[in-house]
$ cat structure.tsv   # TSV, C-alpha atoms
chain	number	residue	atom	x	y	z
A	367	MET	CA	6.56	9.74	-11.11
A	368	ALA	CA	9.83	7.95	-10.38
A	369	ARG	CA	9.21	4.42	-9.15
A	370	ASN	CA	11.23	3.11	-6.26
A	371	PRO	CA	13.14	-0.19	-6.62
A	372	ALA	CA	10.74	-2.12	-4.35
A	373	THR	CA	7.80	-1.12	-6.56
A	374	ILE	CA	9.64	-2.16	-9.72
A	375	ARG	CA	10.50	-5.56	-8.20
A	376	TYR	CA	6.92	-5.99	-6.99
A	377	ASN	CA	5.46	-5.19	-10.42
A	378	ARG	CA	7.81	-7.68	-12.10
A	379	ARG	CA	6.96	-10.45	-9.62
A	380	MET	CA	3.24	-9.75	-9.85
A	381	ALA	CA	3.29	-9.76	-13.67
A	382	ALA	CA	4.91	-13.23	-13.65
A	383	ILE	CA	2.48	-14.50	-11.01
A	384	MET	CA	-0.55	-13.16	-12.89
A	385	ALA	CA	0.69	-14.80	-16.11
A	386	VAL	CA	0.80	-18.16	-14.31
A	387	TYR	CA	-2.61	-17.47	-12.75
A	388	ILE	CA	-4.29	-16.63	-16.07
A	389	ALA	CA	-2.66	-19.60	-17.80
A	390	GLY	CA	-3.79	-21.85	-14.95
A	391	ILE	CA	-7.37	-20.59	-15.09
A	392	MET	CA	-7.50	-21.01	-18.88
A	393	LEU	CA	-6.04	-24.52	-18.68
A	394	ALA	CA	-8.42	-25.54	-15.89
A	395	SER	CA	-11.42	-24.13	-17.78
A	396	LEU	CA	-10.45	-26.06	-20.91
A	397	VAL	CA	-9.59	-29.40	-19.30
A	398	ILE	CA	-11.76	-29.80	-16.21
A	399	ASP	CA	-15.21	-31.29	-16.61
A	400	ARG	CA	-17.12	-29.56	-13.80
A	401	ALA	CA	-19.74	-32.32	-13.75
A	402	ALA	CA	-17.12	-35.01	-13.15
A	403	PRO	CA	-16.34	-36.22	-9.60
A	404	LEU	CA	-13.39	-34.61	-7.79
A	405	GLY	CA	-10.18	-36.33	-8.88
A	406	PRO	CA	-6.42	-35.82	-8.96
A	407	ILE	CA	-6.54	-34.04	-12.34
A	408	THR	CA	-9.13	-31.55	-11.10
A	409	ILE	CA	-7.20	-30.95	-7.87
A	410	GLY	CA	-3.86	-30.64	-9.67
A	411	LEU	CA	-5.12	-28.21	-12.30
A	412	THR	CA	-6.96	-26.13	-9.70
A	413	LEU	CA	-3.89	-25.95	-7.48
A	414	LEU	CA	-1.90	-24.16	-10.21
A	415	PRO	CA	-3.93	-20.90	-10.14
A	416	GLY	CA	-4.51	-21.46	-6.42
A	417	LEU	CA	-0.79	-21.44	-5.71
A	418	ALA	CA	-0.45	-18.36	-7.93
A	419	ILE	CA	-2.91	-16.58	-5.61
A	420	VAL	CA	-0.84	-17.67	-2.61
A	421	ALA	CA	2.26	-16.34	-4.37
A	422	ALA	CA	0.46	-13.04	-5.03
A	423	ILE	CA	-0.34	-12.68	-1.33
A	424	GLY	CA	3.31	-13.46	-0.55
A	425	ALA	CA	4.47	-10.88	-3.11
A	426	ILE	CA	2.33	-8.20	-1.45
A	427	GLY	CA	3.80	-9.09	1.95
A	428	ARG	CA	7.32	-9.04	0.54
A	429	PHE	CA	6.66	-5.65	-1.08
A	430	LEU	CA	5.64	-4.22	2.28
A	431	THR	CA	8.84	-5.46	3.92
A	432	GLU	CA	11.08	-4.32	1.05
A	433	LEU	CA	9.63	-0.81	0.91
A	434	ALA	CA	12.37	1.10	2.74
A	435	ASP	CA	10.62	4.48	2.82
A	436	GLU	CA	8.55	4.53	6.03
A	437	TYR	CA	5.94	7.01	4.77
A	438	LEU	CA	5.30	5.10	1.53
A	439	ARG	CA	5.16	1.87	3.54
A	440	MET	CA	2.56	3.44	5.83
A	441	LEU	CA	0.45	4.36	2.79
A	442	GLU	CA	0.64	0.79	1.45
A	443	VAL	CA	-0.16	-0.74	4.86
A	444	ARG	CA	-3.15	1.60	5.12
A	445	LYS	CA	-4.36	0.35	1.73
A	446	VAL	CA	-4.08	-3.26	2.92
A	447	ILE	CA	-6.00	-2.46	6.11
A	448	ILE	CA	-8.76	-0.70	4.14
A	449	ALA	CA	-8.92	-3.61	1.66
A	450	THR	CA	-9.28	-6.07	4.54
A	451	GLY	CA	-12.04	-3.96	6.08
A	452	VAL	CA	-13.89	-3.68	2.75
A	453	THR	CA	-13.64	-7.46	2.21
A	454	LEU	CA	-14.83	-8.30	5.73
A	455	ALA	CA	-17.73	-5.84	5.44
A	456	ILE	CA	-18.94	-7.10	2.04
A	457	THR	CA	-18.56	-10.82	2.75
A	458	SER	CA	-20.00	-10.60	6.28
A	459	VAL	CA	-23.09	-8.62	5.25
A	460	TRP	CA	-23.61	-10.78	2.15
A	461	GLY	CA	-23.14	-13.89	4.29
A	462	LEU	CA	-25.86	-12.77	6.68
A	463	LEU	CA	-28.19	-12.02	3.77
A	464	GLU	CA	-27.47	-15.50	2.36
A	465	LEU	CA	-28.24	-17.00	5.76
A	466	TYR	CA	-31.72	-15.49	5.94
A	467	SER	CA	-32.70	-15.35	2.27
A	468	ALA	CA	-32.79	-18.53	0.22
A	469	SER	CA	-33.47	-16.58	-2.97
A	470	LEU	CA	-30.26	-14.57	-2.81
A	471	PRO	CA	-27.50	-15.83	-5.14
A	472	ARG	CA	-24.61	-17.47	-3.25
A	473	LEU	CA	-21.33	-15.59	-3.31
A	474	PRO	CA	-18.59	-18.10	-4.27
A	475	VAL	CA	-15.58	-17.99	-1.93
A	476	PHE	CA	-13.48	-17.57	-5.10
A	477	TYR	CA	-14.53	-13.91	-5.15
A	478	VAL	CA	-13.00	-13.07	-1.74
A	479	PHE	CA	-9.55	-12.30	-3.17
A	480	PRO	CA	-10.86	-10.22	-6.13
A	481	ILE	CA	-13.00	-8.25	-3.64
A	482	TRP	CA	-9.89	-7.69	-1.50
A	483	CYS	CA	-7.99	-6.43	-4.58
A	484	GLY	CA	-10.90	-4.07	-5.25
A	485	GLY	CA	-10.51	-2.95	-1.64
A	486	LEU	CA	-6.88	-2.03	-2.37
A	487	PHE	CA	-8.18	0.30	-5.05
A	488	VAL	CA	-10.57	1.84	-2.51
A	489	GLY	CA	-7.58	2.27	-0.20
A	490	GLN	CA	-5.68	4.06	-2.95
A	491	ILE	CA	-8.61	6.45	-3.43
A	492	VAL	CA	-8.74	7.06	0.33
A	493	ASN	CA	-5.00	7.78	0.40
A	494	ARG	CA	-5.25	10.17	-2.50
A	495	PHE	CA	-8.43	12.11	-1.86
A	496	TRP	CA	-9.48	11.73	1.75
A	497	LEU	CA	-6.29	11.57	3.77
A	498	GLY	CA	-4.44	13.93	1.47
A	499	ASP	CA	-1.78	11.82	-0.23
A	500	ASP	CA	-1.22	13.43	-3.61
A	501	ASP	CA	1.46	11.10	-4.91
A	502	ASP	CA	0.79	7.43	-4.33
A	503	VAL	CA	3.67	4.96	-4.45
A	504	GLY	CA	1.78	2.95	-7.07
A	505	GLY	CA	2.45	-0.41	-5.50
A	506	CYS	CA	-0.19	-3.03	-4.76
A	507	ALA	CA	-3.38	-2.09	-6.67
B	881	MET	CA	3.15	17.69	15.58
B	882	ASN	CA	4.36	20.94	14.00
B	883	ASN	CA	7.75	21.33	12.38
B	884	ARG	CA	10.06	23.95	10.85
B	885	LEU	CA	11.15	21.78	7.95
B	886	LYS	CA	9.90	24.11	5.22
B	887	VAL	CA	11.59	27.18	6.79
B	888	LEU	CA	14.88	25.36	7.39
B	889	ARG	CA	14.81	24.00	3.84
B	890	ALA	CA	14.11	27.47	2.40
B	891	GLU	CA	17.01	28.95	4.42
B	892	ARG	CA	19.34	26.50	2.69
B	893	ASP	CA	17.65	26.94	-0.70
B	894	TRP	CA	16.94	23.22	-0.91
B	895	SER	CA	14.03	21.76	-2.86
B	896	GLN	CA	11.96	18.97	-1.34
B	897	GLN	CA	13.83	16.56	-3.62
B	898	ASP	CA	17.20	17.93	-2.41
B	899	LEU	CA	16.21	17.26	1.20
B	900	ALA	CA	14.74	13.87	0.31
B	901	ASP	CA	18.03	12.86	-1.36
B	902	ARG	CA	19.99	13.93	1.72
B	903	LEU	CA	17.65	11.94	3.96
B	904	GLY	CA	17.46	8.91	1.68
B	905	VAL	CA	13.66	9.06	1.53
B	906	SER	CA	11.09	9.92	-1.13
B	907	ARG	CA	10.03	13.47	-1.99
B	908	GLN	CA	6.50	12.43	-0.98
B	909	SER	CA	7.79	11.73	2.54
B	910	VAL	CA	9.33	15.19	2.85
B	911	ASN	CA	6.12	16.75	1.52
B	912	ALA	CA	3.94	14.79	3.97
B	913	ILE	CA	6.17	15.67	6.94
B	914	GLU	CA	6.28	19.35	5.98
B	915	LYS	CA	2.50	19.53	5.68
B	916	GLY	CA	2.09	17.80	9.06
B	917	ARG	CA	0.29	14.83	7.51
B	918	TYR	CA	2.92	12.40	8.74
B	919	ASP	CA	5.05	12.35	11.88
B	920	PRO	CA	8.41	10.68	11.15
B	921	SER	CA	9.79	7.83	13.22
B	922	LEU	CA	12.42	8.67	15.83
B	923	PRO	CA	15.30	7.35	13.65
B	924	LEU	CA	14.15	9.51	10.70
B	925	ALA	CA	13.69	12.51	12.99
B	926	PHE	CA	17.30	12.08	14.21
B	927	THR	CA	18.48	11.85	10.58
B	928	ILE	CA	16.60	15.07	9.78
B	929	ALA	CA	18.24	16.73	12.79
B	930	ASP	CA	21.67	15.52	11.62
B	931	VAL	CA	21.09	16.86	8.09
B	932	PHE	CA	20.18	20.31	9.43
B	933	GLY	CA	22.80	20.18	12.18
B	934	LEU	CA	20.20	21.05	14.79
B	935	PRO	CA	18.69	19.28	17.82
B	936	ILE	CA	15.34	17.55	17.19
B	937	GLU	CA	13.48	20.01	19.43
B	938	ALA	CA	14.65	22.88	17.20
B	939	ILE	CA	12.90	21.25	14.23
B	940	PHE	CA	9.84	19.49	15.65
B	941	LEU	CA	7.41	21.29	17.93
B	942	ARG	CA	4.54	20.08	20.06
B	943	ASP	CA	1.02	20.83	18.80
B	944	GLY	CA	0.16	24.33	19.93
B	945	ASP	CA	3.78	25.50	20.17
B	946	SER	CA	4.47	28.37	17.80
B	947	GLU	CA	7.29	28.32	15.27
$ encode --input "structure.tsv" --output "structure tokens"
Amino acid sequence: MARNPATIRYNRRMAAIMAVYIAGIMLASLVIDRAAPLGPITIGLTLLPGLAIVAAIGAIGRFLTELADEYLRMLEVRKVIIATGVTLAITSVWGLLELYSASLPRLPVFYVFPIWCGGLFVGQIVNRFWLGDDDDVGGCA
Amino acid sequence: MNNRLKVLRAERDWSQQDLADRLGVSRQSVNAIEKGRYDPSLPLAFTIADVFGLPIEAIFLRDGDSE
């Protein structure tokens, strides 16, 4: 499948952002003593992958605005909407279970973005199999 | 919304990719419009009309109207 220029740019940006994110996580895991009190080193090292996540969200938004083809843009927006719905559903239901069950493991807020990315994949499946798109643009997720 | 895109394209012996190139959109867009899965925006509908040299109402039909 021929990729459109917006998808190519998005993939390049996301690859660079993910490299920074993975490097940041590895560095933070190696250097930060989780038992130590919160300090400037902990905050600084945590901000690096944190800002990479912010950049990833920005890259997705930029991809949606750069995608000139209105039909492909609609497919991508639908994926984002489905991902948001999946994330809200999982975190809200889990949150209620946490509220009324002390034995349930707590879901760290860190997992909200990975769940949302998983939701993008669900959106891609919906586009492809349920709503009849047979040739996804292959953008986010 | 129904449309006569496939018929008009066949009359001109254009592939979906040919039409997509003329419209400046993806082949997937042409496919989705032809199959009635996606209704184009008004600007794209005008571009389609320009490419075929026909008025919009000669290409796009209300639901229930026959081709």
$ residues_around --input "structure.tsv" --residues "B:Phe940" --least-positions-apart "2" --cutoff "7 Å" --atoms "all atoms listed in the file" --output "ChimeraX atom specification"
/B:881-884,936-938,942
$ atom_distance --input "structure.tsv" --atom1 "atom CA of A:Gly416" --atom2 "atom CA of A:Gly390"
8.6 Å
$ closest_residue --input "structure.tsv" --among "A:Gly405, A:Pro415, A:Gly451, A:Gly461" --to "A:Trp482" --atoms "all atoms listed in the file"
A:Gly451
$ closest_residue --input "structure.tsv" --among "A:Leu470, A:Leu393, A:Ile491, A:Leu433" --to "chain B" --atoms "only C-alpha atoms"
A:Leu433
$ closest_atom_pairs --input "structure.tsv" --of "chain B" --to "chain A" --cutoff "10 Å" --atoms "all atoms listed in the file" --output "CSV"
residue,atom,partner,partner_atom,distance
B:Gly904,CA,A:Asp435,CA,8.2
B:Val905,CA,A:Asp435,CA,5.6
B:Ser906,CA,A:Asp435,CA,6.7
B:Arg907,CA,A:Asp501,CA,9.4
B:Gln908,CA,A:Asp501,CA,6.5
B:Ser909,CA,A:Tyr437,CA,5.5
B:Val910,CA,A:Tyr437,CA,9.1
B:Asn911,CA,A:Asp499,CA,9.5
B:Ala912,CA,A:Asp499,CA,7.7
B:Ile913,CA,A:Tyr437,CA,8.9
B:Lys915,CA,A:Gly498,CA,9.9
B:Arg917,CA,A:Gly498,CA,7.7
B:Tyr918,CA,A:Tyr437,CA,7.3
B:Asp919,CA,A:Tyr437,CA,8.9
B:Pro920,CA,A:Tyr437,CA,7.8
B:Ser921,CA,A:Glu436,CA,8.0
B:Leu924,CA,A:Glu436,CA,8.8
$ atom_distance --input "structure.tsv" --atom1 "atom CA of A:Thr408" --atom2 "atom CA of A:Tyr477"
19.4 Å
$ build_atoms --input "structure.tsv" --residues "stretch 890-911 of chain B" --atoms "N, CA, C and O atoms" --output "PDB file, in the coordinates of the input"
ATOM      1  N   ALA B 890      14.064  26.218   3.180  1.00  0.00           N
ATOM      2  CA  ALA B 890      14.110  27.470   2.400  1.00  0.00           C
ATOM      3  C   ALA B 890      15.393  28.252   2.732  1.00  0.00           C
ATOM      4  O   ALA B 890      16.008  28.844   1.836  1.00  0.00           O
ATOM      5  N   GLU B 891      15.782  28.238   4.007  1.00  0.00           N
ATOM      6  CA  GLU B 891      17.010  28.950   4.420  1.00  0.00           C
ATOM      7  C   GLU B 891      18.230  28.409   3.682  1.00  0.00           C
ATOM      8  O   GLU B 891      19.190  29.133   3.434  1.00  0.00           O
ATOM      9  N   ARG B 892      18.196  27.146   3.368  1.00  0.00           N
ATOM     10  CA  ARG B 892      19.340  26.500   2.690  1.00  0.00           C
ATOM     11  C   ARG B 892      19.143  26.440   1.176  1.00  0.00           C
ATOM     12  O   ARG B 892      19.955  25.857   0.469  1.00  0.00           O
ATOM     13  N   ASP B 893      17.980  26.934   0.723  1.00  0.00           N
ATOM     14  CA  ASP B 893      17.650  26.940  -0.700  1.00  0.00           C
ATOM     15  C   ASP B 893      17.613  25.515  -1.275  1.00  0.00           C
ATOM     16  O   ASP B 893      18.107  25.262  -2.380  1.00  0.00           O
ATOM     17  N   TRP B 894      17.066  24.609  -0.467  1.00  0.00           N
ATOM     18  CA  TRP B 894      16.940  23.220  -0.910  1.00  0.00           C
ATOM     19  C   TRP B 894      15.511  22.987  -1.396  1.00  0.00           C
ATOM     20  O   TRP B 894      14.559  23.473  -0.780  1.00  0.00           O
ATOM     21  N   SER B 895      15.364  22.210  -2.453  1.00  0.00           N
ATOM     22  CA  SER B 895      14.030  21.760  -2.860  1.00  0.00           C
ATOM     23  C   SER B 895      13.642  20.561  -1.985  1.00  0.00           C
ATOM     24  O   SER B 895      14.483  20.005  -1.264  1.00  0.00           O
ATOM     25  N   GLN B 896      12.383  20.168  -2.084  1.00  0.00           N
ATOM     26  CA  GLN B 896      11.960  18.970  -1.340  1.00  0.00           C
ATOM     27  C   GLN B 896      12.769  17.756  -1.795  1.00  0.00           C
ATOM     28  O   GLN B 896      13.133  16.903  -0.981  1.00  0.00           O
ATOM     29  N   GLN B 897      13.052  17.698  -3.100  1.00  0.00           N
ATOM     30  CA  GLN B 897      13.830  16.560  -3.620  1.00  0.00           C
ATOM     31  C   GLN B 897      15.259  16.591  -3.088  1.00  0.00           C
ATOM     32  O   GLN B 897      15.821  15.538  -2.767  1.00  0.00           O
ATOM     33  N   ASP B 898      15.841  17.808  -2.974  1.00  0.00           N
ATOM     34  CA  ASP B 898      17.200  17.930  -2.410  1.00  0.00           C
ATOM     35  C   ASP B 898      17.239  17.337  -1.001  1.00  0.00           C
ATOM     36  O   ASP B 898      18.137  16.568  -0.650  1.00  0.00           O
ATOM     37  N   LEU B 899      16.255  17.753  -0.188  1.00  0.00           N
ATOM     38  CA  LEU B 899      16.210  17.260   1.200  1.00  0.00           C
ATOM     39  C   LEU B 899      15.961  15.753   1.226  1.00  0.00           C
ATOM     40  O   LEU B 899      16.598  15.024   2.003  1.00  0.00           O
ATOM     41  N   ALA B 900      15.051  15.308   0.352  1.00  0.00           N
ATOM     42  CA  ALA B 900      14.740  13.870   0.310  1.00  0.00           C
ATOM     43  C   ALA B 900      16.000  13.061  -0.036  1.00  0.00           C
ATOM     44  O   ALA B 900      16.254  12.020   0.574  1.00  0.00           O
ATOM     45  N   ASP B 901      16.788  13.559  -0.983  1.00  0.00           N
ATOM     46  CA  ASP B 901      18.030  12.860  -1.360  1.00  0.00           C
ATOM     47  C   ASP B 901      19.007  12.807  -0.187  1.00  0.00           C
ATOM     48  O   ASP B 901      19.675  11.798   0.032  1.00  0.00           O
ATOM     49  N   ARG B 902      19.092  13.913   0.558  1.00  0.00           N
ATOM     50  CA  ARG B 902      19.990  13.930   1.720  1.00  0.00           C
ATOM     51  C   ARG B 902      19.531  12.971   2.814  1.00  0.00           C
ATOM     52  O   ARG B 902      20.340  12.414   3.549  1.00  0.00           O
ATOM     53  N   LEU B 903      18.213  12.814   2.914  1.00  0.00           N
ATOM     54  CA  LEU B 903      17.650  11.940   3.960  1.00  0.00           C
ATOM     55  C   LEU B 903      17.558  10.481   3.515  1.00  0.00           C
ATOM     56  O   LEU B 903      17.358   9.591   4.346  1.00  0.00           O
ATOM     57  N   GLY B 904      17.620  10.267   2.204  1.00  0.00           N
ATOM     58  CA  GLY B 904      17.460   8.910   1.680  1.00  0.00           C
ATOM     59  C   GLY B 904      16.010   8.449   1.734  1.00  0.00           C
ATOM     60  O   GLY B 904      15.722   7.265   1.937  1.00  0.00           O
ATOM     61  N   VAL B 905      15.085   9.405   1.575  1.00  0.00           N
ATOM     62  CA  VAL B 905      13.660   9.060   1.530  1.00  0.00           C
ATOM     63  C   VAL B 905      13.053   9.645   0.255  1.00  0.00           C
ATOM     64  O   VAL B 905      13.740  10.320  -0.515  1.00  0.00           O
ATOM     65  N   SER B 906      11.756   9.398   0.055  1.00  0.00           N
ATOM     66  CA  SER B 906      11.090   9.920  -1.130  1.00  0.00           C
ATOM     67  C   SER B 906      10.700  11.386  -0.937  1.00  0.00           C
ATOM     68  O   SER B 906      10.564  11.859   0.200  1.00  0.00           O
ATOM     69  N   ARG B 907      10.490  12.079  -2.072  1.00  0.00           N
ATOM     70  CA  ARG B 907      10.030  13.470  -1.990  1.00  0.00           C
ATOM     71  C   ARG B 907       8.648  13.527  -1.336  1.00  0.00           C
ATOM     72  O   ARG B 907       8.319  14.452  -0.615  1.00  0.00           O
ATOM     73  N   GLN B 908       7.834  12.469  -1.592  1.00  0.00           N
ATOM     74  CA  GLN B 908       6.500  12.430  -0.980  1.00  0.00           C
ATOM     75  C   GLN B 908       6.595  12.444   0.540  1.00  0.00           C
ATOM     76  O   GLN B 908       5.765  13.054   1.213  1.00  0.00           O
ATOM     77  N   SER B 909       7.615  11.763   1.080  1.00  0.00           N
ATOM     78  CA  SER B 909       7.790  11.730   2.540  1.00  0.00           C
ATOM     79  C   SER B 909       8.068  13.122   3.073  1.00  0.00           C
ATOM     80  O   SER B 909       7.470  13.547   4.064  1.00  0.00           O
ATOM     81  N   VAL B 910       8.989  13.833   2.416  1.00  0.00           N
ATOM     82  CA  VAL B 910       9.330  15.190   2.850  1.00  0.00           C
ATOM     83  C   VAL B 910       8.087  16.078   2.785  1.00  0.00           C
ATOM     84  O   VAL B 910       7.788  16.830   3.719  1.00  0.00           O
ATOM     85  N   ASN B 911       7.340  15.959   1.700  1.00  0.00           N
ATOM     86  CA  ASN B 911       6.120  16.750   1.520  1.00  0.00           C
ATOM     87  C   ASN B 911       5.112  16.464   2.635  1.00  0.00           C
ATOM     88  O   ASN B 911       4.534  17.385   3.218  1.00  0.00           O
TER      89      ASN B 911
END
